[in-house]
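Trainee: For reference, the file coords.tsv (TSV, C-alpha atoms) is included below:
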chain	number	residue	atom	x	y	z
A	105	MET	CA	15.54	43.45	54.68
A	106	LYS	CA	15.03	41.40	57.82
A	107	PRO	CA	14.45	37.62	57.40
A	108	PRO	CA	10.91	36.37	58.16
A	109	LYS	CA	10.15	34.80	61.51
A	110	PHE	CA	10.12	31.02	61.60
A	111	SER	CA	6.33	30.88	61.87
A	112	GLU	CA	5.88	33.31	58.96
A	113	ALA	CA	8.18	31.19	56.80
A	114	LEU	CA	6.05	28.09	57.41
A	115	GLN	CA	2.65	29.79	56.98
A	116	PRO	CA	2.24	28.82	53.28
A	117	GLN	CA	2.93	25.16	54.10
A	118	TYR	CA	0.51	25.28	57.03
A	119	ASP	CA	-2.16	26.83	54.77
A	120	LEU	CA	-1.74	24.01	52.24
A	121	ILE	CA	-2.01	21.35	54.93
A	122	GLN	CA	-5.11	23.02	56.36
A	123	GLY	CA	-6.60	23.21	52.85
A	124	TRP	CA	-6.02	19.48	52.36
A	125	SER	CA	-7.60	18.77	55.73
A	126	ASP	CA	-10.65	20.85	54.80
A	127	MET	CA	-10.92	19.06	51.45
A	128	ILE	CA	-10.74	15.60	53.05
A	129	THR	CA	-13.42	16.56	55.58
A	130	MET	CA	-15.64	18.00	52.85
A	131	TRP	CA	-15.18	14.86	50.73
A	132	SER	CA	-16.15	12.64	53.67
A	133	GLU	CA	-19.26	14.72	54.40
A	134	ALA	CA	-20.19	14.72	50.71
A	135	GLN	CA	-19.96	10.92	50.58
A	136	THR	CA	-22.24	10.72	53.63
A	137	VAL	CA	-24.77	13.01	51.95
A	138	ILE	CA	-24.67	11.01	48.70
A	139	THR	CA	-25.14	7.74	50.57
A	140	LEU	CA	-28.04	9.02	52.66
A	141	ARG	CA	-29.77	10.53	49.64
A	142	MET	CA	-29.41	7.28	47.70
A	143	LEU	CA	-30.80	5.35	50.68
A	144	GLY	CA	-33.64	7.88	50.73
A	145	MET	CA	-34.36	7.26	47.04
A	146	ALA	CA	-34.46	3.53	47.80
A	147	GLY	CA	-36.92	4.15	50.65
A	148	LEU	CA	-34.48	3.06	53.35
A	149	TRP	CA	-33.69	6.49	54.84
A	150	SER	CA	-36.14	9.14	55.94
A	151	VAL	CA	-35.79	12.15	53.62
A	152	ALA	CA	-38.06	15.05	52.74
A	153	LYS	CA	-40.04	14.79	49.53
A	154	SER	CA	-38.15	17.86	48.28
A	155	GLU	CA	-34.70	16.27	48.76
A	156	ASN	CA	-34.13	15.45	45.08
A	157	GLN	CA	-35.00	19.00	44.03
A	158	ARG	CA	-32.84	20.38	46.83
A	159	MET	CA	-29.77	18.43	45.75
A	160	LEU	CA	-29.99	19.92	42.27
A	161	ALA	CA	-30.85	23.46	43.34
A	162	GLU	CA	-27.94	23.81	45.78
A	163	LYS	CA	-25.16	23.12	43.29
A	164	LEU	CA	-25.07	26.35	41.26
A	165	PRO	CA	-25.16	28.74	44.25
A	166	ALA	CA	-22.42	26.76	46.01
A	167	ILE	CA	-20.13	26.74	42.97
A	168	THR	CA	-20.79	30.43	42.33
A	169	GLU	CA	-19.92	31.33	45.93
A	170	ALA	CA	-16.77	29.19	45.73
A	171	MET	CA	-15.63	30.91	42.52
A	172	ILE	CA	-16.22	34.36	43.99
A	173	ALA	CA	-14.38	33.43	47.20
A	174	ALA	CA	-11.43	32.08	45.21
A	175	SER	CA	-11.28	35.20	43.06
A	176	LEU	CA	-11.41	37.54	46.05
A	177	ALA	CA	-8.75	35.57	47.91
A	178	GLY	CA	-6.49	35.68	44.85
A	179	LEU	CA	-7.04	39.40	44.35
A	180	GLN	CA	-6.14	39.97	48.01
A	181	GLY	CA	-2.80	38.26	47.44
A	182	GLN	CA	-3.48	35.29	49.66
A	183	THR	CA	-1.34	32.16	49.50
A	184	PRO	CA	-2.44	29.19	47.36
A	185	GLY	CA	-3.46	27.34	50.53
A	186	GLN	CA	-5.58	30.26	51.70
A	187	ILE	CA	-7.21	30.46	48.27
A	188	ALA	CA	-8.01	26.74	48.46
A	189	GLN	CA	-9.54	27.19	51.92
A	190	ALA	CA	-11.62	30.14	50.74
A	191	THR	CA	-12.80	28.14	47.74
A	192	LEU	CA	-13.86	25.16	49.83
A	193	ARG	CA	-15.55	27.14	52.59
A	194	PRO	CA	-18.97	27.66	50.86
A	195	ILE	CA	-19.06	24.08	49.59
A	196	ARG	CA	-17.98	22.65	52.91
A	197	ARG	CA	-20.63	24.69	54.72
A	198	ARG	CA	-23.32	23.04	52.59
A	199	THR	CA	-21.94	19.52	52.89
A	200	ARG	CA	-21.71	19.91	56.67
A	201	GLN	CA	-25.32	21.22	56.87
A	202	ASN	CA	-26.64	18.48	54.58
A	203	SER	CA	-24.78	15.76	56.43
A	204	ARG	CA	-26.11	16.89	59.82
A	205	ARG	CA	-29.66	17.38	58.54
A	206	LEU	CA	-29.86	14.01	56.80
A	207	THR	CA	-28.15	12.10	59.59
A	208	ARG	CA	-30.68	13.38	62.13
A	209	ARG	CA	-33.60	12.03	60.13
A	210	GLY	CA	-32.67	8.39	60.63
A	211	PRO	CA	-33.53	5.20	58.80
A	212	ARG	CA	-36.97	4.51	57.41
A	213	ILE	CA	-38.21	1.18	58.64
A	214	PRO	CA	-40.79	-0.23	56.19
A	215	GLY	CA	-44.06	-1.20	57.84
A	216	HIS	CA	-43.55	0.97	60.93
Translate the structure described by the file into structure tokens.

Mentor:
Amino acid sequence: MKPPKFSEALQPQYDLIQGWSDMITMWSEAQTVITLRMLGMAGLWSVAKSENQRMLAEKLPAITEAMIAASLAGLQGQTPGQIAQATLRPIRRRTRQNSRRLTRRGPRIPGH
């Protein structure tokens, strides 16, 4: 059996680092979304009237997609880092979309 190439030997470590990077980015975006939604509830940020319903309705589909992605990645024999990335992908997609959408709306200035 021939030894793996240097890059192949480091792939699992790279996958873990990339997974951590994805998780940190997702966490940051999620904190932005939470903050903007709370500001919206306080009347300080412009949000749609349906925002509270939306934040509840999006959770179950995102978690379901993440569980399916993790299961498929595991069944395909992917590395733990690749499984983590696959798991985060559907959640991260939503946090990124929510963050962009809410950020674009801007602050709500009372009396204007």

Trainee: Could you state the separation of atom CA of A:Asn202 and atom CA of A:Gln186 in Å, given to one decimal place?

Mentor: 24.3 Å

Trainee: Go through stretch 108-154 of chain A residue by residue and, counting all atoms listed in the file, keep those with an atom at most 12 Å from stretch 205-208 of chain A; for each kept residue give the shortest atom pair and its distance in Å to one decimal, ordered by chain and increasing number, as a tab-separated table.

Mentor:
residue	atom	partner	partner_atom	distance
A:Glu133	CA	A:Thr207	CA	10.6
A:Ala134	CA	A:Leu206	CA	11.4
A:Thr136	CA	A:Thr207	CA	8.5
A:Val137	CA	A:Leu206	CA	7.1
A:Ile138	CA	A:Leu206	CA	10.1
A:Thr139	CA	A:Leu206	CA	10.0
A:Leu140	CA	A:Leu206	CA	6.7
A:Arg141	CA	A:Leu206	CA	8.0
A:Met142	CA	A:Leu206	CA	11.3
A:Leu143	CA	A:Leu206	CA	10.6
A:Gly144	CA	A:Leu206	CA	9.4
A:Trp149	CA	A:Leu206	CA	8.7
A:Ser150	CA	A:Leu206	CA	8.0
A:Val151	CA	A:Leu206	CA	7.0
A:Ala152	CA	A:Leu206	CA	9.2

Trainee: Distance atom CA of A:Trp124-atom CA of A:Arg158, one decimal place?

Mentor: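 Between atom CA of A:Trp124 and atom CA of A:Arg158 the gap works out to 27.4 Å.
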
Trainee: Dump as a list of chain:residue names all residues having an atom at most 6 Å from (-31.8, 2.5, 56.7), computed in the file's coordinates with only C-alpha atoms.

Mentor: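 Checked against the point, the hits come out as A:Leu148, A:Trp149, A:Pro211, A:Arg212.
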
Trainee: Quick one: pull the distance between atom CA of A:Ala166 and atom CA of A:Met127, Å, one decimal.

Mentor: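 Computed distance, atom CA of A:Ala166 to atom CA of A:Met127, equals 14.9 Å.
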
Trainee: Have a look at A:Ala146, A:Ala161, A:Ile172, A:Met130 and name the one nearest to A:Ser203; count all atoms listed in the file.

Mentor: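 Looking only at the distances to A:Ser203, the closest residue turns out to be A:Met130.
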
Trainee: Counting only C-alpha atoms, figure out which residue out of A:Gly185, A:Arg198, A:Gly178, A:Trp131 gets nearest to A:Pro165.

Mentor: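 Nearest candidate to A:Pro165 out of A:Gly185, A:Arg198, A:Gly178, A:Trp131: A:Arg198.
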
Trainee: Of the candidates A:Ala173, A:Arg204, A:Gly210, A:Leu192, which one gets nearest to A:Ile128 if we count all atoms listed in the file?

Mentor: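 Going through A:Ala173, A:Arg204, A:Gly210, A:Leu192 one by one, the smallest distance to A:Ile128 is for A:Leu192.
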
Trainee: May I ask which of the residues A:Ala113, A:Ala174, A:Met145, A:Ile167 is the closest one to A:Gln189, counting all atoms listed in the file?

Mentor: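 Residue with the minimum atom-to-atom distance to A:Gln189: A:Ala174.
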
Trainee: Which is closer to A:Leu176 than all the others in A:Ser111, A:Thr191, A:Glu162, A:Gly215, using all atoms listed in the file?

Mentor: A:Thr191

Trainee: Go through A:Gly147, A:Pro184, A:Pro194, A:Pro116 and flag the residue nearest A:Pro214, using all atoms listed in the file for the distances.

Mentor: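 Comparing A:Gly147, A:Pro184, A:Pro194, A:Pro116 against A:Pro214, the winner is A:Gly147.
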